[in-house]
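Source file: entry-v7.txt (compact mmCIF, C-alpha atoms)
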```
# COMPACT_ATOMS: atom_id res chain seq x y z
CA MET A 14 -42.94 -22.36 -46.04
CA MET A 15 -44.33 -25.15 -48.18
CA SER A 16 -42.94 -28.51 -47.13
CA ASP A 17 -40.69 -29.68 -49.93
CA LYS A 18 -41.16 -33.24 -51.09
CA LEU A 19 -39.08 -35.18 -53.60
CA ASP A 20 -39.51 -38.53 -55.32
CA ILE A 21 -36.65 -40.89 -54.64
CA GLU A 22 -35.69 -44.30 -55.94
CA LEU A 23 -33.31 -46.61 -54.12
CA ILE A 24 -32.56 -50.25 -53.43
CA VAL A 25 -33.18 -51.34 -49.85
CA ASN A 26 -32.12 -54.87 -48.87
CA GLY A 27 -32.23 -55.87 -52.53
CA GLU A 28 -35.69 -54.45 -53.15
CA GLN A 29 -36.37 -51.49 -55.45
CA ILE A 30 -38.19 -48.73 -53.56
CA GLN A 31 -39.90 -45.67 -55.04
CA GLN A 32 -41.35 -43.13 -52.64
CA SER A 33 -42.06 -39.49 -52.18
CA VAL A 34 -40.31 -38.08 -49.13
CA LEU A 35 -40.11 -34.77 -47.28
CA VAL A 36 -36.65 -33.28 -47.83
CA ARG A 37 -36.22 -32.83 -44.06
CA THR A 38 -36.73 -36.55 -43.34
CA ASN A 39 -33.55 -38.34 -42.37
CA LEU A 40 -32.66 -41.73 -43.79
CA VAL A 41 -33.39 -43.81 -40.68
CA ASP A 42 -36.83 -42.24 -40.17
CA PHE A 43 -37.60 -42.89 -43.83
CA LEU A 44 -36.54 -46.54 -43.51
CA ARG A 45 -38.58 -47.05 -40.34
CA ASP A 46 -41.69 -45.00 -41.03
CA GLN A 47 -42.09 -45.19 -44.81
CA VAL A 48 -40.39 -48.46 -45.77
CA GLY A 49 -41.49 -50.23 -42.59
CA LEU A 50 -38.04 -51.52 -41.62
CA THR A 51 -38.02 -50.87 -37.89
CA GLY A 52 -34.86 -52.84 -37.15
CA SER A 53 -32.66 -49.73 -37.27
CA HIS A 54 -33.17 -47.75 -34.10
CA VAL A 55 -33.30 -44.01 -33.53
CA GLY A 56 -31.36 -43.06 -30.43
CA CYS A 57 -29.76 -39.66 -30.05
CA GLU A 58 -30.48 -38.17 -33.50
CA GLN A 59 -27.14 -36.37 -33.33
CA GLY A 60 -24.70 -38.99 -34.57
CA VAL A 61 -23.35 -40.00 -31.18
CA CYS A 62 -25.00 -43.31 -30.21
CA GLY A 63 -24.71 -45.40 -33.40
CA ALA A 64 -28.08 -47.19 -32.99
CA CYS A 65 -29.14 -46.01 -36.47
CA THR A 66 -26.06 -47.38 -38.30
CA VAL A 67 -26.93 -48.61 -41.82
CA GLU A 68 -24.90 -49.40 -44.93
CA VAL A 69 -25.16 -47.03 -47.89
CA ASP A 70 -23.30 -47.90 -51.10
CA GLY A 71 -20.97 -50.27 -49.30
CA VAL A 72 -20.03 -48.14 -46.28
CA MET A 73 -21.56 -47.82 -42.82
CA VAL A 74 -23.12 -44.45 -42.05
CA ARG A 75 -25.25 -42.80 -39.40
CA GLY A 76 -28.85 -43.04 -40.60
CA CYS A 77 -29.77 -39.94 -38.59
CA LEU A 78 -27.09 -37.75 -40.22
CA MET A 79 -28.08 -38.36 -43.81
CA LEU A 80 -31.21 -37.10 -45.49
CA ALA A 81 -33.40 -39.68 -47.20
CA VAL A 82 -33.20 -37.61 -50.41
CA GLN A 83 -29.40 -38.04 -50.32
CA ALA A 84 -29.89 -41.80 -50.66
CA ASN A 85 -31.64 -41.33 -54.01
CA GLY A 86 -30.03 -43.82 -56.41
CA SER A 87 -28.17 -45.60 -53.62
CA THR A 88 -28.09 -49.17 -52.38
CA VAL A 89 -28.99 -49.42 -48.70
CA THR A 90 -28.68 -52.40 -46.38
CA THR A 91 -30.33 -52.37 -42.96
CA ILE A 92 -30.09 -54.86 -40.11
CA GLU A 93 -32.97 -56.81 -41.71
CA GLY A 94 -30.75 -57.22 -44.80
CA PHE A 95 -27.74 -58.24 -42.74
CA ALA A 96 -29.76 -61.05 -41.13
CA GLY A 97 -29.27 -63.03 -44.34
CA ASN A 98 -25.55 -62.30 -44.46
CA THR A 99 -23.16 -65.04 -43.25
CA THR A 100 -21.26 -62.82 -40.82
CA GLY A 101 -24.54 -61.30 -39.69
CA LYS A 102 -25.96 -64.72 -38.81
CA LYS A 103 -22.83 -65.78 -36.92
CA LEU A 104 -22.85 -62.52 -34.99
CA GLN A 105 -26.52 -62.84 -34.06
CA ASN A 106 -25.85 -66.30 -32.61
CA ALA A 107 -22.69 -65.13 -30.84
CA PHE A 108 -24.50 -62.10 -29.33
CA SER A 109 -27.17 -64.41 -27.98
CA GLU A 110 -24.67 -67.02 -26.67
CA HIS A 111 -22.55 -64.40 -24.91
CA ASN A 112 -25.47 -62.37 -23.54
CA ALA A 113 -24.09 -59.44 -25.53
CA LEU A 114 -27.38 -57.57 -25.26
CA GLN A 115 -29.92 -56.76 -22.60
CA CYS A 116 -32.46 -54.19 -23.77
CA GLY A 117 -31.37 -54.60 -27.38
CA TYR A 118 -31.65 -50.95 -28.34
CA CYS A 119 -28.03 -50.61 -29.47
CA THR A 120 -27.90 -54.11 -31.00
CA PRO A 121 -28.73 -53.33 -34.66
CA GLY A 122 -26.00 -50.69 -34.73
CA MET A 123 -23.57 -52.91 -32.80
CA LEU A 124 -24.15 -55.73 -35.28
CA ALA A 125 -23.74 -53.44 -38.30
CA SER A 126 -20.45 -52.00 -37.02
CA SER A 127 -19.22 -55.47 -36.02
CA ILE A 128 -20.01 -56.88 -39.48
CA GLU A 129 -17.92 -54.09 -40.99
CA TYR A 130 -15.04 -54.90 -38.60
CA ILE A 131 -15.11 -58.65 -39.21
CA ASP A 132 -15.61 -58.49 -42.98
CA ARG A 133 -12.64 -56.17 -43.27
CA GLY A 134 -10.44 -58.76 -41.57
CA GLY A 135 -10.36 -57.20 -38.10
CA SER A 136 -8.30 -59.04 -35.48
CA THR A 137 -9.40 -60.60 -32.18
CA ASP A 138 -7.36 -57.96 -30.32
CA ARG A 139 -9.78 -56.57 -27.73
CA ASP A 140 -8.45 -53.00 -27.98
CA SER A 141 -8.96 -52.99 -31.76
CA ILE A 142 -12.53 -54.29 -31.37
CA ARG A 143 -13.29 -51.69 -28.69
CA GLN A 144 -11.78 -48.95 -30.83
CA HIS A 145 -13.88 -49.95 -33.81
CA LEU A 146 -17.07 -50.13 -31.72
CA SER A 147 -16.30 -46.87 -29.86
CA GLY A 148 -18.91 -45.10 -31.99
CA ASN A 149 -21.70 -47.37 -30.74
CA TYR A 150 -23.05 -46.80 -27.25
CA CYS A 151 -24.45 -49.57 -25.06
CA ARG A 152 -25.89 -48.57 -21.68
CA CYS A 153 -26.60 -52.14 -20.44
CA THR A 154 -23.79 -54.60 -20.99
CA GLY A 155 -20.61 -52.70 -20.16
CA TYR A 156 -19.31 -53.84 -23.59
CA GLN A 157 -17.35 -56.84 -22.21
CA ALA A 158 -19.80 -59.41 -23.58
CA ILE A 159 -20.09 -57.58 -26.92
CA VAL A 160 -16.31 -57.70 -27.38
CA ASP A 161 -16.41 -61.42 -26.39
CA ALA A 162 -19.07 -62.11 -29.01
CA VAL A 163 -17.24 -60.29 -31.82
CA ALA A 164 -13.92 -61.96 -30.92
CA SER A 165 -15.58 -65.41 -30.83
CA VAL A 166 -16.92 -65.04 -34.39
CA ILE A 167 -13.43 -64.13 -35.64
CA GLU A 168 -11.86 -67.06 -33.74
CA ILE A 169 -14.37 -69.55 -35.14
CA THR A 170 -13.96 -68.18 -38.67
CA ASP A 171 -10.15 -68.29 -38.42
CA ALA A 172 -10.25 -71.84 -36.97
CA GLY A 173 -12.55 -72.89 -39.84
CA ILE A 174 -10.13 -71.51 -42.43
CA ASN A 175 -7.16 -73.25 -40.78
CA GLN A 176 -9.05 -76.53 -40.59
CA SER A 177 -10.08 -76.51 -44.26
CA GLU A 178 -6.52 -75.63 -45.25
CA GLY A 179 -5.31 -78.55 -43.12
CA ALA A 180 -7.82 -80.93 -44.73
CA SER A 181 -6.81 -80.03 -48.27
CA THR A 182 -3.11 -80.78 -47.78
CA MET B 12 -35.65 -33.87 -32.42
CA LYS B 13 -36.00 -33.66 -36.17
CA ALA B 14 -34.57 -31.05 -38.52
CA PRO B 15 -36.80 -28.05 -39.25
CA ASP B 16 -38.11 -27.65 -42.79
CA PHE B 17 -35.93 -26.19 -45.53
CA LYS B 18 -35.73 -25.90 -49.30
CA TYR B 19 -33.38 -28.45 -50.84
CA GLU B 20 -31.05 -27.74 -53.75
CA CYS B 21 -28.76 -30.40 -55.13
CA PRO B 22 -26.56 -28.80 -57.80
CA LEU B 23 -24.58 -31.08 -60.12
CA THR B 24 -21.77 -28.64 -60.88
CA LEU B 25 -19.64 -26.30 -58.78
CA ASP B 26 -20.75 -23.32 -60.89
CA ASP B 27 -24.40 -24.10 -60.14
CA ALA B 28 -23.60 -24.47 -56.42
CA LEU B 29 -21.82 -21.11 -56.37
CA ALA B 30 -24.75 -19.51 -58.20
CA CYS B 31 -27.13 -20.91 -55.53
CA LEU B 32 -24.94 -19.50 -52.75
CA ALA B 33 -24.61 -16.12 -54.48
CA SER B 34 -28.32 -15.39 -54.14
CA ASP B 35 -28.55 -13.33 -50.97
CA GLU B 36 -32.35 -13.34 -50.77
CA LEU B 37 -32.42 -16.50 -48.69
CA ASP B 38 -30.23 -17.95 -45.97
CA CYS B 39 -28.36 -20.65 -47.93
CA GLN B 40 -26.29 -23.23 -46.12
CA PRO B 41 -23.91 -25.57 -47.98
CA LEU B 42 -24.23 -29.20 -46.82
CA ALA B 43 -21.00 -31.22 -47.08
CA GLY B 44 -20.75 -34.52 -45.17
CA GLY B 45 -23.42 -33.39 -42.72
CA GLN B 46 -21.72 -34.88 -39.67
CA SER B 47 -21.91 -31.52 -37.85
CA LEU B 48 -24.61 -29.59 -39.69
CA MET B 49 -27.17 -32.42 -39.50
CA PRO B 50 -26.88 -32.81 -35.69
CA MET B 51 -27.11 -29.01 -35.38
CA MET B 52 -30.29 -29.04 -37.46
CA ASN B 53 -31.74 -31.99 -35.56
CA LEU B 54 -31.03 -30.15 -32.31
CA ARG B 55 -32.60 -27.01 -33.86
CA LEU B 56 -29.37 -25.09 -33.30
CA ALA B 57 -29.34 -24.44 -37.06
CA GLY B 58 -32.32 -23.79 -39.31
CA PRO B 59 -31.20 -22.64 -42.74
CA GLU B 60 -33.89 -21.67 -45.26
CA VAL B 61 -32.08 -23.41 -48.10
CA ILE B 62 -29.73 -26.40 -48.01
CA VAL B 63 -27.30 -26.51 -50.93
CA ASP B 64 -26.20 -30.16 -50.98
CA LEU B 65 -22.61 -30.49 -52.26
CA ASN B 66 -22.60 -34.29 -52.30
CA LYS B 67 -23.08 -34.61 -56.07
CA LEU B 68 -20.07 -32.39 -56.81
CA SER B 69 -17.60 -35.11 -57.78
CA GLU B 70 -15.34 -32.32 -59.13
CA LEU B 71 -14.51 -31.53 -55.48
CA GLU B 72 -13.47 -35.09 -54.62
CA PHE B 73 -9.89 -35.06 -55.91
CA ILE B 74 -6.49 -35.69 -54.32
CA TYR B 75 -3.72 -34.47 -56.64
CA GLU B 76 0.01 -34.52 -56.24
CA GLU B 77 1.57 -31.26 -57.44
CA VAL B 78 5.13 -29.92 -57.33
CA SER B 79 6.00 -30.08 -53.60
CA ARG B 80 2.32 -29.85 -52.63
CA VAL B 81 -0.78 -32.02 -52.37
CA SER B 82 -4.11 -30.54 -53.38
CA ILE B 83 -7.20 -32.02 -51.72
CA GLY B 84 -10.76 -31.21 -52.84
CA SER B 85 -13.12 -30.04 -50.11
CA MET B 86 -15.55 -32.96 -50.56
CA VAL B 87 -12.90 -35.62 -49.87
CA ARG B 88 -14.13 -37.73 -46.97
CA TYR B 89 -11.95 -38.72 -44.02
CA SER B 90 -12.12 -42.38 -45.05
CA ALA B 91 -10.78 -41.41 -48.52
CA LEU B 92 -7.94 -39.45 -46.90
CA LEU B 93 -6.96 -42.54 -44.91
CA ALA B 94 -7.16 -44.76 -48.00
CA SER B 95 -5.09 -42.44 -50.22
CA ALA B 96 -1.56 -43.55 -51.13
CA ILE B 97 -0.67 -39.92 -51.95
CA VAL B 98 -1.74 -38.80 -48.47
CA ARG B 99 0.11 -41.69 -46.79
CA LYS B 100 3.29 -40.84 -48.65
CA HIS B 101 3.28 -37.05 -48.46
CA ILE B 102 1.19 -36.09 -45.40
CA PRO B 103 2.28 -38.48 -42.62
CA LEU B 104 0.60 -36.26 -40.01
CA PHE B 105 -2.81 -37.19 -41.48
CA ALA B 106 -2.05 -40.90 -41.18
CA LYS B 107 -1.29 -40.33 -37.47
CA ALA B 108 -4.18 -38.03 -36.67
CA VAL B 109 -7.17 -38.78 -38.91
CA PRO B 110 -7.98 -42.13 -37.17
CA HIS B 111 -8.67 -40.02 -34.04
CA ILE B 112 -11.35 -38.02 -35.83
CA ALA B 113 -14.67 -39.44 -34.64
CA HIS B 114 -15.68 -42.99 -35.64
CA GLU B 115 -15.67 -45.06 -38.81
CA ALA B 116 -19.30 -44.35 -39.74
CA ILE B 117 -18.67 -40.61 -39.27
CA ARG B 118 -15.39 -40.71 -41.23
CA ASN B 119 -17.25 -42.40 -44.09
CA ARG B 120 -19.31 -39.21 -44.53
CA GLY B 121 -17.40 -36.32 -42.93
CA THR B 122 -15.34 -34.18 -45.32
CA ILE B 123 -12.14 -32.18 -44.96
CA GLY B 124 -13.83 -29.07 -46.39
CA GLY B 125 -16.79 -29.33 -44.03
CA SER B 126 -14.53 -29.40 -41.00
CA VAL B 127 -12.52 -26.44 -42.32
CA ALA B 128 -15.61 -24.34 -43.06
CA LEU B 129 -17.23 -25.11 -39.70
CA ALA B 130 -14.09 -24.39 -37.60
CA ASP B 131 -15.29 -26.24 -34.50
CA PRO B 132 -12.77 -25.34 -31.76
CA ALA B 133 -12.66 -29.01 -30.74
CA ALA B 134 -11.98 -30.32 -34.27
CA GLU B 135 -8.63 -31.79 -35.22
CA MET B 136 -8.53 -30.66 -38.85
CA PRO B 137 -8.00 -26.88 -38.36
CA ALA B 138 -5.06 -27.61 -36.02
CA LEU B 139 -3.60 -30.16 -38.45
CA LEU B 140 -3.78 -27.66 -41.31
CA ARG B 141 -2.12 -24.90 -39.27
CA ALA B 142 0.63 -27.32 -38.17
CA LEU B 143 1.16 -28.30 -41.82
CA ASN B 144 1.25 -24.66 -42.97
CA ALA B 145 -1.53 -25.48 -45.43
CA SER B 146 -3.58 -22.97 -47.36
CA ILE B 147 -7.30 -22.92 -48.07
CA ILE B 148 -8.61 -22.16 -51.56
CA LEU B 149 -12.00 -20.44 -51.58
CA LYS B 150 -14.28 -19.97 -54.57
CA SER B 151 -17.28 -17.78 -55.19
CA SER B 152 -19.25 -16.90 -58.31
CA SER B 153 -16.95 -13.88 -58.73
CA GLY B 154 -13.57 -15.58 -58.40
CA SER B 155 -11.22 -17.43 -56.09
CA ARG B 156 -8.63 -16.66 -53.42
CA GLU B 157 -6.10 -18.56 -51.32
CA ILE B 158 -5.66 -17.97 -47.58
CA PRO B 159 -2.99 -19.47 -45.31
CA ALA B 160 -4.51 -21.69 -42.59
CA ASP B 161 -2.81 -19.40 -40.03
CA GLU B 162 -5.12 -16.57 -41.13
CA PHE B 163 -8.25 -18.57 -41.95
CA PHE B 164 -9.39 -19.72 -38.51
CA ILE B 165 -10.56 -16.73 -36.46
CA GLY B 166 -12.76 -17.88 -33.58
CA VAL B 167 -15.52 -20.25 -32.46
CA TYR B 168 -17.12 -21.41 -35.73
CA ASP B 169 -15.63 -18.27 -37.28
CA THR B 170 -13.40 -18.19 -40.35
CA ALA B 171 -12.32 -15.87 -43.16
CA LEU B 172 -15.08 -17.36 -45.36
CA GLU B 173 -17.38 -14.68 -46.72
CA GLN B 174 -21.00 -14.81 -47.85
CA GLY B 175 -21.26 -16.72 -51.13
CA GLU B 176 -17.85 -18.37 -50.78
CA LEU B 177 -17.21 -22.09 -50.65
CA VAL B 178 -14.11 -24.00 -49.55
CA HIS B 179 -12.88 -25.42 -52.86
CA SER B 180 -9.72 -27.25 -51.81
CA ILE B 181 -6.84 -27.45 -49.39
CA SER B 182 -3.22 -27.15 -50.51
CA ILE B 183 -0.67 -28.85 -48.25
CA PRO B 184 3.15 -28.82 -48.61
CA THR B 185 4.52 -32.34 -49.02
CA ALA B 186 6.65 -33.58 -46.12
CA ASP B 187 10.39 -33.60 -46.76
CA ILE B 188 12.68 -36.31 -45.49
CA ASP B 189 13.91 -34.50 -42.35
CA GLN B 190 10.50 -33.27 -41.28
CA ARG B 191 8.95 -34.84 -38.18
CA PHE B 192 5.33 -34.82 -37.04
CA GLY B 193 3.63 -35.31 -33.72
CA PHE B 194 0.04 -35.68 -32.62
CA TYR B 195 -1.59 -36.38 -29.30
CA GLU B 196 -5.09 -35.98 -27.95
CA LEU B 197 -6.77 -36.69 -24.65
CA ALA B 198 -10.33 -37.94 -25.02
CA ARG B 199 -12.60 -39.85 -22.66
CA ARG B 200 -12.83 -42.62 -25.24
CA HIS B 201 -11.46 -43.15 -28.73
CA GLY B 202 -13.17 -40.88 -31.25
CA ASP B 203 -14.88 -38.62 -28.72
CA TYR B 204 -14.28 -34.88 -28.75
CA ALA B 205 -10.82 -34.23 -27.35
CA MET B 206 -10.47 -32.57 -23.95
CA ALA B 207 -7.17 -31.23 -25.31
CA GLY B 208 -5.04 -32.05 -28.32
CA VAL B 209 -2.01 -30.90 -30.26
CA ALA B 210 -0.55 -31.26 -33.75
CA ILE B 211 3.14 -30.56 -34.31
CA SER B 212 5.41 -30.31 -37.32
CA ALA B 213 9.15 -29.62 -37.26
CA SER B 214 11.73 -29.17 -40.02
CA SER B 215 13.98 -31.27 -37.77
CA ILE B 216 13.96 -32.19 -34.08
CA ASN B 217 17.56 -32.74 -33.03
CA PRO B 218 17.91 -29.83 -32.40
CA TYR B 219 14.42 -28.39 -32.89
CA VAL B 220 14.12 -26.28 -36.05
CA GLY B 221 11.03 -24.68 -37.56
CA LEU B 222 8.42 -26.02 -35.14
CA ARG B 223 4.73 -25.40 -35.57
CA ILE B 224 2.81 -26.36 -32.43
CA VAL B 225 -0.98 -26.03 -32.73
CA PHE B 226 -3.55 -26.89 -30.05
CA PHE B 227 -7.22 -27.77 -30.46
CA SER B 228 -10.07 -28.07 -27.98
CA VAL B 229 -8.39 -25.73 -25.50
CA GLY B 230 -9.29 -22.28 -26.90
CA ASP B 231 -11.81 -20.59 -29.19
CA HIS B 232 -10.05 -21.88 -32.31
CA ALA B 233 -6.90 -23.83 -33.29
CA LEU B 234 -4.21 -22.04 -31.25
CA ARG B 235 -0.61 -21.82 -32.41
CA ALA B 236 1.92 -21.68 -29.57
CA THR B 237 4.52 -19.35 -31.08
CA ASP B 238 6.14 -18.57 -27.70
CA ALA B 239 6.70 -22.25 -26.94
CA GLU B 240 8.03 -22.73 -30.50
CA ALA B 241 10.56 -19.91 -29.86
CA VAL B 242 11.67 -21.47 -26.57
CA LEU B 243 12.30 -24.83 -28.28
CA GLU B 244 14.02 -23.47 -31.41
CA GLY B 245 17.65 -24.64 -31.54
CA GLN B 246 17.26 -26.77 -28.37
CA ILE B 247 17.71 -30.49 -27.83
CA TYR B 248 14.90 -32.54 -26.22
CA SER B 249 15.27 -32.64 -22.43
CA ASP B 250 13.05 -32.36 -19.36
CA ALA B 251 14.39 -28.88 -18.57
CA VAL B 252 13.67 -27.63 -22.10
CA LEU B 253 10.17 -29.15 -22.04
CA ASP B 254 9.42 -27.42 -18.72
CA LYS B 255 10.41 -24.07 -20.22
CA ALA B 256 8.25 -24.71 -23.28
CA LYS B 257 5.29 -25.59 -21.02
CA ASP B 258 5.78 -22.32 -19.09
CA ALA B 259 5.67 -20.46 -22.41
CA LEU B 260 2.12 -21.76 -23.01
CA ALA B 261 0.90 -19.27 -20.40
CA SER B 262 0.65 -16.61 -23.14
CA LEU B 263 -2.15 -18.58 -24.91
CA GLU B 264 -5.80 -17.74 -24.36
CA PHE B 265 -7.37 -20.91 -22.94
CA ASN B 266 -11.15 -21.29 -22.73
CA GLU B 267 -13.17 -23.48 -20.39
CA ASP B 268 -15.81 -25.85 -21.75
CA MET B 269 -18.41 -28.11 -20.15
CA ASN B 270 -15.75 -30.69 -19.24
CA ALA B 271 -12.85 -28.63 -17.95
CA SER B 272 -11.97 -25.24 -16.46
CA GLU B 273 -9.54 -22.80 -18.07
CA ALA B 274 -6.81 -23.88 -15.61
CA THR B 275 -7.39 -27.56 -16.48
CA LYS B 276 -7.21 -26.78 -20.21
CA ALA B 277 -3.90 -24.94 -19.66
CA HIS B 278 -2.55 -27.91 -17.70
CA LEU B 279 -3.74 -30.45 -20.30
CA ALA B 280 -2.15 -28.41 -23.11
CA GLY B 281 1.21 -28.89 -21.39
CA VAL B 282 0.52 -32.61 -21.00
CA VAL B 283 -0.42 -33.23 -24.64
CA MET B 284 2.52 -31.15 -25.92
CA GLN B 285 4.97 -33.10 -23.76
CA ARG B 286 3.51 -36.45 -24.90
CA ALA B 287 3.52 -35.46 -28.58
CA LEU B 288 7.14 -34.24 -28.39
CA ALA B 289 8.17 -37.38 -26.49
CA GLY B 290 6.48 -39.48 -29.18
CA MET B 291 8.38 -37.65 -31.94
CA ASN B 292 11.61 -38.10 -30.01
CA ALA B 293 11.01 -41.83 -29.56
CA GLU B 294 10.23 -42.28 -33.27
CA ASN B 295 13.44 -40.48 -34.19
CA THR B 296 15.77 -42.77 -32.24
```

Please, can you express the file's structure as structure tokens?
Amino acid sequence: MMSDKLDIELIVNGEQIQQSVLVRTNLVDFLRDQVGLTGSHVGCEQGVCGACTVEVDGVMVRGCLMLAVQANGSTVTTIEGFAGNTTGKKLQNAFSEHNALQCGYCTPGMLASSIEYIDRGGSTDRDSIRQHLSGNYCRCTGYQAIVDAVASVIEITDAGINQSEGAST
Amino acid sequence: MKAPDFKYECPLTLDDALACLASDELDCQPLAGGQSLMPMMNLRLAGPEVIVDLNKLSELEFIYEEVSRVSIGSMVRYSALLASAIVRKHIPLFAKAVPHIAHEAIRNRGTIGGSVALADPAAEMPALLRALNASIILKSSSGSREIPADEFFIGVYDTALEQGELVHSISIPTADIDQRFGFYELARRHGDYAMAGVAISASSINPYVGLRIVFFSVGDHALRATDAEAVLEGQIYSDAVLDKAKDALASLEFNEDMNASEATKAHLAGVVMQRALAGMNAENT
């Protein structure tokens, strides 16, 4: 069979991208190999580990379970794009302060899922954080430090809001 | 691994999709949310010649309220089900159960129709639809038909779907005020495949009337426990009644999987049923 290729056009981290891609290529391989954004990791390639989590049109998805051609016309944000995002920056610092990573393989996916949780107003309740991150596997940390890091960002953000409210009255 | 090569079709209308599927020269596989088919392709368990991508068919992304029913298009994603005010109001069992289906990133892509068409024995949706007495509307280039969920799910990945047919929508009776719903699943961690699970609906529960008790992840498809339903009919919740209902589960055909033997599955079915019924009882008081 001839390998089918299609031309696609999408916005990745704010940049317009036009490329020709094999229809069988999944989104995360396209982002890594053709766009050169190697921040998203490829773990299990079956939707279980969450290392490939990226944002497509405002929602987090598994980059290994979507074809690149399906992202034609979409807006995609990868971990490189989240690095400039306020929550993303706070989380990066918190992960480093709390030793919430060792090998770092799961980290881009962990950060992406955590950003989604925090930006949606998730609480500091440890069970809720664990439940939200249950689709991201970490084989090093035992999750404790990751939950600490996510909770700390929410606490600091909440404290900041309370303080500025206090100052204005 | 990576998916094998295939030809990619991305129809923009349902009619075009059905025309693609009607051609029997090639092995055509509809692609809905891709949260099961894509892993199967990546693992080389599936290798269709043609992928017919349904993701541009916005005409299958509806949730309508009808007279005493809710109609849900097959391309509605789990996240959209959870966000829908119509679903929250009229299908309380979904509000209870859908958060247990996989993880956020999967629910953002996975569709109700995809889960129905695949009929994974471990999936929640077939059991939910049997418990709700839903029906499945199928379309092909030559017409459409409606099949009760009780008759649709046949075996492991096996349904009443025929070559060239597509799941168009799901029709679910709206809950009435006396109806009660229960759901419980045992999984190693939240969102993982269940080791055993159950979905229950009842016209009323004190005493039990019109129960539908449907298990998933214990047999080759969503299993309805009609014998246990008969034992409970007309009874009031008590330990003795629950024990009798558990004994009545012996008539079901349990299957082992890589995590648990047939005997363990049979035991866990009793456990999840008891917990779901206890939950319904607690909510009612």

Tell me which protein, DNA and RNA residues are within 12 Å of Thr237 of chain B, counting only C-alpha atoms, leaving out same-chain ones fewer than 2 positions away, and put them as number ranges by chain. B: 141-142, 161, 211, 221-226, 234-235, 239-244, 256-257, 259-263

Calculated over only C-alpha atoms, which of the candidates A:Glu129, A:Asp140, A:Asp161, A:Glu93 has the smallest distance to Thr51 of chain A?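 Using only C-alpha atoms, the shortest distance to Thr51 of chain A belongs to A:Glu93.
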
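Distances here use all atoms listed in the file; by that measure, the residue among A:Ser53, A:Thr170, A:Asn85, A:Asn106 closest to Asp70 of chain A is A:Asn85.
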
So which residues fall inside 12 Å of (-30.4, -60.2, -41.1) if we count only C-alpha atoms? Mind giving them as a VMD selection string? chain A and resid 26 50 52 to 53 90 to 106 121 124 to 125 128

Which segment 71-127 of chain A residues have any atom within 12 Å of an atom of segment 52-63 of chain B, and for each, what is the nearest pair of atoms with distance in Å to one decimal, counting only C-alpha atoms, rows sorted by chain and number, as CSV?
```
residue,atom,partner,partner_atom,distance
A:Cys77,CA,B:Asn53,CA,8.7
A:Leu78,CA,B:Asn53,CA,8.7
A:Met79,CA,B:Asn53,CA,11.0
A:Leu80,CA,B:Ile62,CA,11.1
A:Val82,CA,B:Ile62,CA,12.0
A:Gln83,CA,B:Val63,CA,11.7
```

Please indicate the distance in Å from atom CA of Ile165 of chain B to atom CA of Glu264 of chain B, rounded to one decimal place.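 So the answer is 13.0 Å.
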
So that I can see what lies close to Val25 of chain A, please list as a list in words the residues with an atom at most 9 Å from it, counting all atoms listed in the file and leaving out residues fewer than 4 positions away in the same chain.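 Final neighbour list, sorted by chain and number: Gln29, Ile30, Leu44, Val48, Ser87, Thr88, Val89, Thr90, Thr91 and Gly94 of chain A.
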
If you measure from atom CA of Tyr19 of chain B to atom CA of Gly27 of chain A, what distance in Å do you get, rounded to one decimal?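 Separating atom CA of Tyr19 of chain B from atom CA of Gly27 of chain A is a distance of 27.5 Å.
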
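Separating atom CA of Asn119 of chain B from atom CA of Leu139 of chain B is a distance of 19.2 Å.
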
Where does chain A meet chain B within 10 Å, residue by residue, with the nearest atom pair and distance in Å to one decimal for each, counting all atoms listed in the file, listed by chain and rising number, as a tab-separated table?
```
residue	atom	partner	partner_atom	distance
A:Met14	CA	B:Asp16	CA	7.9
A:Met15	CA	B:Asp16	CA	8.6
A:Ser16	CA	B:Asp16	CA	6.6
A:Asp17	CA	B:Lys18	CA	6.3
A:Lys18	CA	B:Tyr19	CA	9.1
A:Leu19	CA	B:Tyr19	CA	9.2
A:Leu35	CA	B:Asp16	CA	8.7
A:Val36	CA	B:Tyr19	CA	6.6
A:Arg37	CA	B:Asp16	CA	5.7
A:Thr38	CA	B:Ala14	CA	7.6
A:Asn39	CA	B:Lys13	CA	8.1
A:Asp42	CA	B:Lys13	CA	9.5
A:Cys57	CA	B:Met12	CA	8.6
A:Glu58	CA	B:Asn53	CA	6.6
A:Gln59	CA	B:Pro50	CA	4.3
A:Gly60	CA	B:Pro50	CA	6.6
A:Val61	CA	B:Asp203	CA	8.9
A:Gly63	CA	B:Ala116	CA	8.4
A:Thr66	CA	B:Ala116	CA	7.5
A:Val67	CA	B:Ala116	CA	9.0
A:Glu68	CA	B:Ala116	CA	9.2
A:Val69	CA	B:Asn119	CA	9.9
A:Val72	CA	B:Asn119	CA	6.7
A:Met73	CA	B:Ala116	CA	5.2
A:Val74	CA	B:Ala116	CA	4.5
A:Arg75	CA	B:Ala116	CA	6.2
A:Gly76	CA	B:Ala116	CA	9.7
A:Cys77	CA	B:Met49	CA	8.0
A:Leu78	CA	B:Met49	CA	5.4
A:Met79	CA	B:Gly45	CA	6.9
A:Leu80	CA	B:Met49	CA	8.6
A:Val82	CA	B:Tyr19	CA	9.2
A:Gln83	CA	B:Asn66	CA	8.0
A:Ser126	CA	B:Ala116	CA	8.2
A:Glu129	CA	B:Glu115	CA	9.6
A:Tyr130	CA	B:Glu115	CA	9.9
A:Arg143	CA	B:His201	CA	8.7
A:Gln144	CA	B:His201	CA	6.2
A:His145	CA	B:Glu115	CA	7.2
A:Leu146	CA	B:His114	CA	8.3
A:Ser147	CA	B:His201	CA	6.2
A:Gly148	CA	B:His114	CA	5.3
A:Asn149	CA	B:His114	CA	8.9
```
